[in-house]
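my_file_1.cif (mmCIF, C-alpha atoms)
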```
data_upload
loop_
_atom_site.label_atom_id
_atom_site.label_comp_id
_atom_site.auth_asym_id
_atom_site.auth_seq_id
_atom_site.Cartn_x
_atom_site.Cartn_y
_atom_site.Cartn_z
CA MET C 859 -32.12 -5.82 109.75
CA ASP C 860 -34.50 -5.10 112.61
CA MET C 861 -37.97 -5.37 111.11
CA SER C 862 -39.83 -4.35 114.30
CA GLN C 863 -38.93 -0.69 113.89
CA ILE C 864 -40.20 -0.45 110.33
CA SER C 865 -43.84 0.33 109.65
CA PRO C 866 -46.01 -2.38 107.99
CA ALA C 867 -46.37 -0.27 104.85
CA ASP C 868 -42.60 -0.03 104.52
CA GLN C 869 -42.27 -3.73 105.23
CA ALA C 870 -44.64 -4.48 102.36
CA LYS C 871 -42.64 -2.15 100.13
CA VAL C 872 -39.39 -3.90 101.06
CA GLN C 873 -40.97 -7.25 100.29
CA VAL C 874 -42.16 -6.11 96.86
CA MET C 875 -38.70 -4.70 96.14
CA GLN C 876 -37.11 -8.01 97.12
CA GLU C 877 -39.50 -9.93 94.88
CA MET C 878 -38.72 -7.58 92.00
CA GLU C 879 -35.02 -8.10 92.55
CA ILE C 880 -35.42 -11.89 92.49
CA GLU C 881 -37.51 -11.65 89.32
CA MET C 882 -34.91 -9.41 87.71
CA MET C 883 -32.08 -11.72 88.73
CA SER C 884 -33.75 -14.80 87.28
CA ASP C 885 -34.44 -12.90 84.05
CA LEU C 886 -30.79 -11.85 83.89
CA TYR C 887 -29.77 -15.43 84.49
CA ASN C 888 -32.01 -16.80 81.74
CA ARG C 889 -30.86 -14.23 79.22
CA MET C 890 -27.22 -14.85 80.08
CA THR C 891 -27.65 -18.61 79.71
CA THR C 892 -29.26 -18.23 76.29
CA ALA C 893 -26.62 -15.73 75.15
CA CYS C 894 -23.66 -17.83 76.30
CA HIS C 895 -25.19 -20.99 74.84
CA LYS C 896 -25.52 -19.27 71.50
CA LYS C 897 -21.97 -17.94 71.63
CA CYS C 898 -20.11 -20.92 73.08
CA ILE C 899 -21.85 -24.13 72.03
CA PRO C 900 -21.72 -24.77 68.27
CA PRO C 901 -24.86 -26.51 67.03
CA ARG C 902 -23.06 -29.75 66.22
CA TYR C 903 -24.03 -32.27 68.81
CA SER C 904 -21.72 -35.18 68.11
CA GLU C 905 -21.30 -35.72 71.85
CA SER C 906 -22.96 -34.72 75.06
CA GLU C 907 -19.87 -33.70 77.04
CA LEU C 908 -18.74 -30.10 77.22
CA GLY C 909 -15.41 -29.60 75.43
CA LYS C 910 -12.49 -27.85 77.13
CA GLY C 911 -12.78 -24.85 74.83
CA GLU C 912 -16.51 -24.69 75.45
CA MET C 913 -15.96 -24.70 79.22
CA VAL C 914 -13.42 -21.87 79.03
CA CYS C 915 -15.76 -19.97 76.73
CA ILE C 916 -18.68 -20.35 79.16
CA ASP C 917 -16.57 -19.11 82.09
CA ARG C 918 -15.44 -16.06 80.19
CA CYS C 919 -18.89 -15.46 78.76
CA VAL C 920 -20.49 -15.37 82.23
CA ALA C 921 -17.76 -13.10 83.59
CA LYS C 922 -17.99 -10.72 80.65
CA TYR C 923 -21.77 -10.68 80.59
CA LEU C 924 -21.91 -9.68 84.25
CA ASP C 925 -19.19 -7.06 83.72
CA ILE C 926 -21.09 -5.50 80.84
CA HIS C 927 -24.30 -5.68 82.86
CA GLU C 928 -22.63 -3.74 85.65
CA HIS C 929 -21.09 -1.17 83.31
CA ILE C 930 -24.38 -0.50 81.59
CA GLY C 931 -26.15 -0.29 84.94
CA LYS C 932 -23.69 2.31 86.19
CA LYS C 933 -23.94 4.37 83.01
CA LEU C 934 -27.73 4.13 83.06
CA THR C 935 -27.96 5.35 86.66
CA ALA C 936 -25.56 8.18 85.90
CA MET C 937 -27.61 9.20 82.89
CA SER C 938 -30.95 9.04 84.67
CA MET C 939 -29.52 11.06 87.57
CA GLN C 940 -28.36 13.65 85.08
CA ASP C 941 -31.82 13.69 83.52
CA ALA C 942 -33.48 14.12 86.91
CA GLU C 943 -31.12 16.98 87.70
CA LEU C 944 -31.93 18.64 84.38
CA MET C 945 -35.66 18.30 84.98
CA LYS C 946 -35.29 19.79 88.45
CA ASN C 947 -33.40 22.77 87.06
CA MET C 948 -35.95 23.31 84.34
CA THR C 949 -38.95 23.26 86.64
CA SER C 950 -37.41 25.44 89.34
CA MET U 1146 -61.70 -18.58 111.32
CA ASP U 1147 -58.54 -19.63 113.13
CA THR U 1148 -57.43 -21.68 110.11
CA THR U 1149 -57.13 -18.60 107.87
CA PRO U 1150 -53.43 -17.90 108.45
CA GLU U 1151 -52.60 -21.53 107.67
CA LYS U 1152 -54.60 -21.35 104.47
CA ILE U 1153 -52.75 -18.22 103.39
CA ALA U 1154 -49.39 -19.83 104.14
CA LEU U 1155 -50.39 -22.88 102.12
CA SER U 1156 -51.55 -20.83 99.17
CA ASP U 1157 -48.27 -18.89 99.26
CA LEU U 1158 -46.37 -22.16 99.13
CA ASP U 1159 -48.65 -23.35 96.36
CA LYS U 1160 -48.00 -20.19 94.41
CA GLU U 1161 -44.27 -20.70 94.72
CA GLN U 1162 -44.52 -24.31 93.60
CA MET U 1163 -46.69 -23.33 90.66
CA LYS U 1164 -44.17 -20.68 89.71
CA THR U 1165 -41.29 -23.20 89.86
CA PHE U 1166 -43.30 -25.66 87.82
CA SER U 1167 -44.24 -23.11 85.16
CA ASP U 1168 -40.60 -21.99 84.98
CA PHE U 1169 -39.64 -25.61 84.43
CA LEU U 1170 -42.22 -25.99 81.66
CA LEU U 1171 -41.02 -22.82 79.97
CA SER U 1172 -37.40 -23.94 79.99
CA TYR U 1173 -38.45 -27.37 78.75
CA ASN U 1174 -40.24 -25.76 75.79
CA ARG U 1175 -37.30 -23.53 75.05
CA LEU U 1176 -34.88 -26.43 75.19
CA SER U 1177 -36.85 -28.63 72.84
CA GLU U 1178 -37.31 -25.77 70.40
CA MET U 1179 -33.59 -25.04 70.43
CA CYS U 1180 -32.50 -28.64 69.95
CA PHE U 1181 -35.11 -29.19 67.26
CA THR U 1182 -33.88 -26.15 65.34
CA ASP U 1183 -30.24 -27.18 65.68
CA CYS U 1184 -30.65 -30.90 64.93
CA VAL U 1185 -33.53 -31.41 62.53
CA ARG U 1186 -32.91 -29.90 59.11
CA ASP U 1187 -34.08 -32.56 56.70
CA PHE U 1188 -37.79 -32.60 55.92
CA THR U 1189 -37.73 -34.99 52.99
CA CYS U 1190 -38.88 -37.88 55.15
CA ARG U 1191 -41.38 -38.19 57.95
CA ASP U 1192 -39.39 -40.41 60.34
CA VAL U 1193 -36.93 -39.02 62.85
CA LYS U 1194 -33.52 -40.25 61.83
CA GLU U 1195 -31.21 -41.97 64.31
CA SER U 1196 -28.67 -39.15 63.83
CA GLU U 1197 -31.32 -36.53 64.54
CA LYS U 1198 -32.32 -38.35 67.68
CA THR U 1199 -28.78 -38.68 69.07
CA CYS U 1200 -28.13 -35.05 68.15
CA SER U 1201 -31.20 -33.88 70.06
CA LEU U 1202 -30.38 -35.98 73.09
CA ASN U 1203 -26.77 -34.79 73.09
CA CYS U 1204 -28.04 -31.25 72.69
CA MET U 1205 -30.26 -31.60 75.74
CA GLU U 1206 -27.58 -33.21 77.88
CA LYS U 1207 -25.00 -30.65 76.86
CA TYR U 1208 -27.39 -27.80 77.58
CA LEU U 1209 -28.00 -29.09 81.09
CA LYS U 1210 -24.26 -29.40 81.72
CA MET U 1211 -23.74 -25.90 80.39
CA ASN U 1212 -26.51 -24.61 82.62
CA GLN U 1213 -24.87 -26.22 85.63
CA ARG U 1214 -21.57 -24.54 84.84
CA VAL U 1215 -23.19 -21.14 84.26
CA SER U 1216 -24.99 -21.46 87.57
CA GLN U 1217 -21.75 -22.28 89.40
CA ARG U 1218 -19.98 -19.26 87.96
CA PHE U 1219 -22.98 -17.03 88.61
CA GLN U 1220 -23.03 -18.09 92.26
CA GLU U 1221 -19.34 -17.32 92.59
CA PHE U 1222 -19.91 -13.83 91.23
CA GLN U 1223 -22.84 -13.25 93.53
CA MET U 1224 -20.82 -14.39 96.52
CA VAL U 1225 -18.08 -11.88 95.70
CA ALA U 1226 -20.66 -9.15 95.13
CA SER U 1227 -22.43 -9.74 98.45
CA GLU U 1228 -19.10 -9.85 100.29
CA ASN U 1229 -18.20 -6.50 98.76
CA ALA U 1230 -21.57 -5.06 99.75
CA LEU U 1231 -21.09 -6.29 103.31
CA ALA U 1232 -17.60 -4.80 103.52
CA MET U 1233 -18.94 -1.50 102.18
CA GLU U 1234 -21.70 -1.46 104.77
CA LYS U 1235 -19.22 -2.10 107.59
CA LYS U 1236 -17.01 0.70 106.31
CA LEU U 1237 -19.95 3.12 106.18
CA ARG U 1238 -21.06 2.26 109.72
CA LYS U 1239 -17.71 3.08 111.24
#
```
Turn this file's structure into structure tokens for me.
Amino acid sequence: MDMSQISPADQAKVQVMQEMEIEMMSDLYNRMTTACHKKCIPPRYSESELGKGEMVCIDRCVAKYLDIHEHIGKKLTAMSMQDAELMKNMTS
Amino acid sequence: MDTTPEKIALSDLDKEQMKTFSDFLLSYNRLSEMCFTDCVRDFTCRDVKESEKTCSLNCMEKYLKMNQRVSQRFQEFQMVASENALAMEKKLRK
């Protein structure tokens, strides 16, 4: 991206957006870790190694969590677009 | 006055380090809470039992290993996602 052609105000906006995205990503990551820990690691700590079943469970859990995250995101954008459209029609 | 930009850069770096440190503290608190809840159930005696201690330590170690694995998988997904975004951008530019 060529930053020299963008105004300083827009540059600041882009930076804030990037920071928000990083914040959101780390929140997603933390929530996913907690969720998958709850679902895949039974609270019996007889050893400190991850079991084979636990490893497979974690892999699937991460994949599924991100899939669901994407699905919900898509649906949410679709719904909010619909809402915005409705509002526009009502006001005009 | 000519030291001002340096000062700002330093404080930015400081802020980032503080943020990393506070994140670390938060996850440390969360981890000890979790392992305490999972491992310590008997409150009929004051002393921490040997089994409770090994359980907590295993819990911590296992959590860190799990975290490592989650982070690996997450990175893989992100790599695929950014590759897709790049391909999409190229397609749109044509």
(request) Check the smallest atom-to-atom distance from each of U:Arg1214, U:Arg1186, U:Arg1175, U:Lys1198 to C:Cys915 using only C-alpha atoms, then report the winner. (result) U:Arg1214
(request) Have a look at U:Leu1158, U:Val1185, U:Cys1204, U:Val1215 and name the one nearest to C:Thr892; count only C-alpha atoms. (result) U:Val1215
(request) Excluding U:Glu1195 and any residue of its chain fewer than 4 positions from it, enumerate the residues within 12 Å of it, using all atoms listed in the file, and give them as a list in words. (result)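 Final neighbour list, sorted by chain and number: Cys1184, Val1185, Thr1199, Cys1200, Ser1201 and Leu1202 of chain U.
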(request) Excluding U:Lys1210 and any residue of its chain fewer than 3 positions from it, enumerate the residues within 12 Å of it, using only C-alpha atoms, and give them as a list of chain:residue names. (result) C:Thr891, C:His895, C:Ile899, C:Ser906, C:Glu907, C:Leu908, C:Gly909, C:Glu912, C:Met913, C:Ile916, U:Asn1203, U:Cys1204, U:Met1205, U:Glu1206, U:Lys1207, U:Gln1213, U:Arg1214, U:Val1215, U:Ser1216, U:Gln1217
(request) To verify the selection step, state as a count of residues only which residues the PyMOL selection byres ((chain C) within 12 of (chain U)) yields on this input. (result) 45
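Atom CA of C:Lys933 lies 22.5 Å from atom CA of C:Met948.
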(message) What's the separation between atom CA of U:Glu1221 and atom CA of C:Gly911, in Å to one decimal place?
(response) 20.4 Å
